[in-house]
$ cat my_file-v6.txt   # compact mmCIF, C-alpha atoms
# COMPACT_ATOMS: atom_id res chain seq x y z
CA MET A 28 73.85 97.93 100.78
CA LYS A 29 72.07 99.66 103.65
CA ALA A 30 73.22 99.41 107.23
CA LYS A 31 71.25 96.68 108.91
CA VAL A 32 68.90 97.77 111.67
CA ILE A 33 69.56 96.08 114.99
CA GLY A 34 66.53 97.25 116.91
CA ALA A 35 63.18 98.97 116.41
CA ILE A 36 60.36 100.28 118.57
CA THR A 37 56.68 100.74 117.78
CA LEU A 38 55.13 104.08 118.63
CA ALA A 39 51.52 105.20 118.08
CA GLY A 40 50.79 102.28 115.80
CA SER A 41 53.65 103.04 113.34
CA MET A 42 57.11 101.54 113.08
CA MET A 43 59.91 103.90 114.03
CA PHE A 44 63.59 103.07 114.23
CA ASN A 45 65.71 103.96 117.19
CA PRO A 46 68.93 105.41 115.67
CA ALA A 47 70.85 104.63 118.84
CA MET A 48 70.24 100.94 118.16
CA ALA A 49 71.25 100.98 114.47
CA ALA A 50 74.66 99.60 113.52
CA GLU A 51 77.12 102.18 112.22
CA THR A 52 78.34 101.65 108.65
CA ILE A 53 82.06 101.76 107.84
CA SER A 54 82.82 102.20 104.12
CA VAL A 55 86.00 100.72 102.65
CA VAL A 56 86.82 101.10 98.93
CA GLY A 57 89.79 100.11 96.75
CA SER A 58 92.07 97.26 95.75
CA SER A 59 90.45 94.06 94.50
CA SER A 60 93.46 92.16 95.91
CA VAL A 61 92.95 93.55 99.42
CA THR A 62 89.15 93.11 99.23
CA PRO A 63 89.00 89.39 100.22
CA LEU A 64 91.08 90.05 103.35
CA MET A 65 89.07 93.17 104.20
CA GLU A 66 85.80 91.24 103.86
CA VAL A 67 87.00 88.65 106.37
CA PHE A 68 88.22 91.46 108.64
CA GLY A 69 84.82 93.15 108.42
CA GLU A 70 82.81 89.99 109.08
CA THR A 71 85.00 89.06 112.04
CA TYR A 72 85.00 92.54 113.58
CA ALA A 73 81.23 93.00 113.17
CA LYS A 74 80.58 89.90 115.30
CA SER A 75 81.81 91.73 118.40
CA HIS A 76 81.15 95.37 117.45
CA ASP A 77 77.94 97.18 116.49
CA VAL A 78 79.05 98.03 112.95
CA VAL A 79 78.48 97.00 109.36
CA VAL A 80 81.57 97.05 107.14
CA GLU A 81 80.81 97.70 103.47
CA VAL A 82 83.67 96.71 101.15
CA GLN A 83 83.94 97.55 97.43
CA GLY A 84 86.91 96.59 95.22
CA PRO A 85 87.11 98.76 92.07
CA GLY A 86 90.91 99.01 92.29
CA SER A 87 93.75 100.67 94.18
CA SER A 88 93.62 103.94 92.25
CA ALA A 89 89.93 104.28 93.08
CA GLY A 90 90.64 103.54 96.75
CA ILE A 91 93.30 106.21 96.95
CA ARG A 92 90.99 108.72 95.23
CA ALA A 93 88.22 107.80 97.70
CA ALA A 94 90.58 108.58 100.57
CA HIS A 95 91.51 111.94 99.03
CA ASP A 96 87.96 113.07 98.27
CA GLY A 97 86.47 111.63 101.46
CA SER A 98 83.89 109.50 99.64
CA SER A 99 84.75 106.54 101.90
CA ASP A 100 86.05 106.13 105.43
CA LEU A 101 89.01 104.02 104.35
CA GLY A 102 90.74 103.31 101.05
CA MET A 103 92.63 100.12 100.12
CA SER A 104 95.76 99.93 97.97
CA SER A 105 97.89 96.95 96.95
CA ARG A 106 100.78 99.16 95.83
CA ASP A 107 102.80 102.03 97.24
CA LEU A 108 101.32 105.44 96.61
CA LYS A 109 102.74 107.47 93.73
CA SER A 110 104.35 110.80 94.63
CA SER A 111 101.35 112.55 93.07
CA GLU A 112 99.01 110.65 95.42
CA LYS A 113 100.86 111.52 98.62
CA ALA A 114 99.78 114.44 100.80
CA SER A 115 100.46 115.65 104.33
CA ASP A 116 96.89 114.80 105.39
CA ILE A 117 96.84 111.34 103.74
CA GLN A 118 97.85 108.52 106.09
CA GLU A 119 99.06 105.08 105.00
CA VAL A 120 98.90 101.99 107.23
CA VAL A 121 100.41 98.63 106.21
CA ILE A 122 98.00 95.86 107.24
CA ALA A 123 99.72 92.96 105.43
CA ARG A 124 102.18 92.10 102.68
CA ASP A 125 101.53 89.96 99.63
CA GLY A 126 103.59 88.27 96.96
CA ILE A 127 102.80 88.57 93.27
CA ALA A 128 103.02 85.21 91.53
CA VAL A 129 103.90 84.93 87.83
CA VAL A 130 101.64 82.13 86.60
CA ILE A 131 101.44 79.92 83.50
CA HIS A 132 99.33 77.00 82.29
CA ASN A 133 99.88 73.73 84.17
CA SER A 134 101.00 71.98 80.98
CA ASN A 135 103.82 74.46 80.29
CA PRO A 136 107.24 72.84 81.02
CA VAL A 137 108.90 76.15 82.01
CA THR A 138 109.52 76.37 85.78
CA ASP A 139 111.76 79.40 86.36
CA LEU A 140 112.33 82.83 84.82
CA SER A 141 114.57 85.75 85.70
CA LYS A 142 113.03 89.16 86.38
CA GLU A 143 114.71 90.38 83.19
CA GLN A 144 113.06 87.60 81.17
CA VAL A 145 109.64 88.44 82.66
CA ALA A 146 110.18 92.10 81.79
CA GLN A 147 111.19 91.23 78.23
CA ILE A 148 108.10 89.04 77.81
CA TYR A 149 105.83 91.86 79.00
CA LYS A 150 107.57 94.43 76.81
CA GLY A 151 107.07 92.16 73.79
CA GLU A 152 110.82 91.58 73.32
CA ILE A 153 110.53 87.83 74.05
CA THR A 154 107.58 86.43 72.13
CA ASN A 155 108.13 82.66 71.94
CA TRP A 156 108.37 80.11 74.77
CA LYS A 157 111.41 78.48 73.09
CA GLN A 158 113.39 81.65 73.94
CA VAL A 159 113.07 80.78 77.64
CA GLY A 160 113.39 77.00 77.48
CA GLY A 161 109.84 76.10 76.53
CA GLU A 162 108.06 74.85 73.43
CA ASP A 163 108.17 76.58 70.06
CA LYS A 164 104.89 78.39 70.71
CA PRO A 165 103.95 82.08 70.84
CA ILE A 166 103.60 83.60 74.31
CA VAL A 167 100.14 84.97 75.09
CA VAL A 168 100.64 87.78 77.62
CA ALA A 169 97.89 88.62 80.14
CA THR A 170 97.97 91.71 82.33
CA ARG A 171 95.69 93.70 84.64
CA ASP A 172 93.98 97.00 83.81
CA THR A 173 95.82 100.25 84.51
CA ALA A 174 93.77 100.99 87.68
CA SER A 175 95.01 97.76 89.28
CA GLY A 176 97.37 97.99 92.24
CA THR A 177 98.72 94.57 91.34
CA ARG A 178 99.70 95.90 87.92
CA GLY A 179 101.21 99.04 89.42
CA ALA A 180 103.33 97.03 91.86
CA PHE A 181 104.29 94.51 89.15
CA GLU A 182 105.43 97.31 86.83
CA ASP A 183 107.55 98.86 89.60
CA ILE A 184 109.17 95.55 90.61
CA MET A 185 109.83 94.41 87.04
CA SER A 186 110.96 97.84 85.78
CA LEU A 187 108.06 98.02 83.33
CA LYS A 188 107.87 101.81 83.15
CA ARG A 189 109.23 104.14 80.49
CA LYS A 190 109.34 107.87 79.81
CA VAL A 191 107.38 109.35 76.92
CA ASN A 192 107.60 113.14 76.46
CA GLY A 193 108.66 113.49 80.06
CA LYS A 194 105.72 111.42 81.35
CA THR A 195 106.08 107.98 82.95
CA VAL A 196 103.93 105.36 81.22
CA SER A 197 103.57 101.58 81.22
CA ALA A 198 106.07 99.59 79.14
CA ILE A 199 103.73 96.58 78.94
CA SER A 200 102.99 95.63 75.34
CA GLN A 201 99.78 96.99 73.86
CA ARG A 202 99.13 93.47 72.54
CA ALA A 203 98.72 92.06 76.06
CA GLN A 204 95.25 90.78 76.97
CA VAL A 205 93.71 92.76 79.84
CA ALA A 206 91.85 91.24 82.80
CA SER A 207 89.82 93.20 85.35
CA GLY A 208 90.74 91.14 88.42
CA ASN A 209 92.79 88.29 89.90
CA GLY A 210 90.01 85.80 89.17
CA GLN A 211 89.57 86.75 85.53
CA LEU A 212 93.31 86.75 84.85
CA LYS A 213 93.71 83.35 86.49
CA THR A 214 90.90 81.97 84.31
CA MET A 215 92.56 83.39 81.19
CA VAL A 216 95.87 81.66 82.04
CA ALA A 217 94.22 78.39 83.06
CA SER A 218 92.37 78.19 79.73
CA ASN A 219 95.33 78.90 77.42
CA PRO A 220 98.37 76.55 77.35
CA PHE A 221 100.66 79.33 76.06
CA SER A 222 99.64 82.20 78.34
CA ILE A 223 101.46 83.98 81.16
CA GLY A 224 100.03 86.29 83.80
CA TYR A 225 100.52 87.57 87.33
CA ILE A 226 98.18 87.38 90.33
CA SER A 227 98.19 87.84 94.07
CA LEU A 228 100.06 84.97 95.74
CA SER A 229 97.02 84.37 97.94
CA SER A 230 94.94 83.73 94.79
CA VAL A 231 97.18 80.92 93.47
CA ASP A 232 95.52 77.49 93.33
CA ASP A 233 95.85 74.24 91.37
CA SER A 234 94.32 75.76 88.23
CA VAL A 235 97.63 77.48 87.32
CA LYS A 236 101.36 76.96 87.86
CA ALA A 237 103.35 79.59 89.76
CA LEU A 238 106.87 80.10 88.37
CA SER A 239 109.92 80.51 90.53
CA ILE A 240 111.72 83.82 89.92
CA GLU A 241 115.52 83.93 90.04
CA GLY A 242 115.41 80.38 91.45
CA HIS A 243 113.03 81.22 94.31
CA THR A 244 109.52 79.77 94.51
CA PRO A 245 106.82 82.25 95.63
CA SER A 246 105.85 81.47 99.21
CA VAL A 247 105.21 83.24 102.49
CA GLU A 248 108.48 81.80 103.84
CA ALA A 249 110.50 83.01 100.83
CA ILE A 250 109.00 86.49 101.11
CA LYS A 251 109.70 86.73 104.85
CA ALA A 252 113.28 85.59 104.21
CA GLY A 253 113.67 88.25 101.51
CA ASP A 254 114.43 85.62 98.86
CA TYR A 255 111.32 86.15 96.71
CA SER A 256 111.41 89.81 95.75
CA VAL A 257 108.13 90.09 93.80
CA GLN A 258 106.07 91.43 96.69
CA ARG A 259 104.07 94.51 97.69
CA PRO A 260 102.27 96.06 100.68
CA PHE A 261 98.56 95.94 101.42
CA LEU A 262 97.71 99.45 102.58
CA VAL A 263 94.78 101.17 104.22
CA VAL A 264 94.73 104.85 103.24
CA TYR A 265 92.67 107.62 104.83
CA LYS A 266 92.42 111.39 105.07
CA ASP A 267 92.91 113.06 108.44
CA GLY A 268 89.52 113.93 109.93
CA ARG A 269 87.45 111.87 107.46
CA PRO A 270 87.00 108.42 109.05
CA SER A 271 84.51 108.03 111.86
CA LYS A 272 85.74 106.95 115.29
CA ALA A 273 84.26 103.52 114.52
CA ALA A 274 86.33 103.31 111.31
CA LEU A 275 89.55 104.28 113.12
CA ASP A 276 88.80 101.74 115.85
CA PHE A 277 88.36 99.11 113.11
CA LEU A 278 91.69 100.13 111.53
CA ASN A 279 93.47 99.90 114.89
CA TRP A 280 92.00 96.42 115.37
CA MET A 281 93.50 95.33 112.02
CA LYS A 282 96.96 95.77 113.56
CA THR A 283 96.25 93.53 116.57
CA ALA A 284 97.56 89.99 116.98
CA ASP A 285 94.06 88.54 116.45
CA ALA A 286 93.63 90.35 113.13
CA GLN A 287 97.16 89.54 111.98
CA LYS A 288 96.45 85.87 112.65
CA ILE A 289 93.68 86.19 110.02
CA VAL A 290 96.25 87.68 107.62
CA SER A 291 98.38 84.55 107.96
CA GLU A 292 95.34 82.28 107.59
CA GLN A 293 94.54 84.04 104.29
CA GLY A 294 97.97 83.10 102.91
CA LEU A 295 99.38 86.59 103.32
CA ILE A 296 102.36 87.92 105.29
CA SER A 297 101.48 89.45 108.65
CA THR A 298 103.07 92.66 109.95
CA HIS A 299 103.94 91.02 113.28
$ encode --input "my_file-v6.txt" --output "structure tokens"
Amino acid sequence: MKAKVIGAITLAGSMMFNPAMAAETISVVGSSSVTPLMEVFGETYAKSHDVVVEVQGPGSSAGIRAAHDGSSDLGMSSRDLKSSEKASDIQEVVIARDGIAVVIHNSNPVTDLSKEQVAQIYKGEITNWKQVGGEDKPIVVATRDTASGTRGAFEDIMSLKRKVNGKTVSAISQRAQVASGNGQLKTMVASNPFSIGYISLSSVDDSVKALSIEGHTPSVEAIKAGDYSVQRPFLVVYKDGRPSKAALDFLNWMKTADAQKIVSEQGLISTH
């Protein structure tokens, strides 16, 4: 998408653009979970500032890489950075917090699982719903792709990592079905009575049932109280010296009361 042109002047019979009147483009790349919030941020901010905010959501890992290599002004991540991704010139700013909801089909009678049970399901150690109080039916496990920040945060929270030859790898079963985004995973769960998945709390709707974990239902209130522990930060990541002044001004605006009100309206947890 090209930056939209705000003004133009005609000179000597040909159309020429006045660069001083063209909106500056701010590029933001990364987490598909952060993308909906960032799009609302961008649309709101552009109404009162001469900028165009371009948002792309290929995943948290891509956003962090974009920050490192300077291919975008700002990166988005829905997980904490790995030690290998941290650097003295890489800055991280928390713009919101989000819960991760474990979701099942609406017809499934199960209502609550422990974190240990969720981990065992994803490792392939629990394979039938009757093992956790449900019907005698096989569990169909749905997960996100390895570039997903939601998956990275979920693996950290649920202890779904293991060491292989000294390297840390995912412990999620190879038999799990893989979805490329919150929307696709939600559709997979909504269409299969025996499936289980996990999505951003802000993406939960009537098409799926969110389970309580350790007796606590996922909600903004439960997360703020510290009761619902399946949660993660929404980060903006950037490299010192890379973002334009306009991009840094936009980032500073995200931390204001007006912007944080939008966070709450989007079903997320504000930093205020």
$ atom_distance --input "my_file-v6.txt" --atom1 "atom CA of Glu182 of chain A" --atom2 "atom CA of Ser54 of chain A"
28.9 Å
$ atom_distance --input "my_file-v6.txt" --atom1 "atom CA of Asp172 of chain A" --atom2 "atom CA of Val67 of chain A"
25.0 Å
$ closest_residue --input "my_file-v6.txt" --among "A:Val129, A:Ala123, A:Val168, A:Val235" --to "Gln293 of chain A" --atoms "only C-alpha atoms"
A:Ala123
$ closest_residue --input "my_file-v6.txt" --among "A:Lys109, A:Val56, A:Gln158, A:Gly97" --to "Pro85 of chain A" --atoms "all atoms listed in the file"
A:Val56
$ closest_residue --input "my_file-v6.txt" --among "A:Lys150, A:Lys251, A:Ser104, A:Val216" --to "Gln201 of chain A" --atoms "all atoms listed in the file"
A:Lys150
$ residues_around --input "my_file-v6.txt" --residues "Glu112 of chain A" --least-positions-apart "4" --cutoff "10 Å" --atoms "all atoms listed in the file" --output "list in words"
Ser88, Ile91, Arg92, His95, Asp107, Leu108 and Ile117 of chain A
$ residues_around --input "my_file-v6.txt" --residues "Ser105 of chain A" --least-positions-apart "5" --cutoff "6 Å" --atoms "all atoms listed in the file" --output "list in words"
Ser58, Gly176, Pro260 and Phe261 of chain A
$ residues_around --input "my_file-v6.txt" --residues "Ala217 of chain A" --least-positions-apart "5" --cutoff "9 Å" --atoms "all atoms listed in the file" --output "ChimeraX atom specification"
/A:131-133,212,222,234-236
$ write_last_selection --input "my_file-v6.txt" --atoms "C-alpha atoms" --output "mmCIF file, in the coordinates of the input"
data_model
loop_
_atom_site.group_PDB
_atom_site.id
_atom_site.type_symbol
_atom_site.label_atom_id
_atom_site.label_comp_id
_atom_site.auth_asym_id
_atom_site.auth_seq_id
_atom_site.Cartn_x
_atom_site.Cartn_y
_atom_site.Cartn_z
ATOM 1 C CA ILE A 131 101.440 79.920 83.500
ATOM 2 C CA HIS A 132 99.330 77.000 82.290
ATOM 3 C CA ASN A 133 99.880 73.730 84.170
ATOM 4 C CA LEU A 212 93.310 86.750 84.850
ATOM 5 C CA SER A 222 99.640 82.200 78.340
ATOM 6 C CA SER A 234 94.320 75.760 88.230
ATOM 7 C CA VAL A 235 97.630 77.480 87.320
ATOM 8 C CA LYS A 236 101.360 76.960 87.860
#
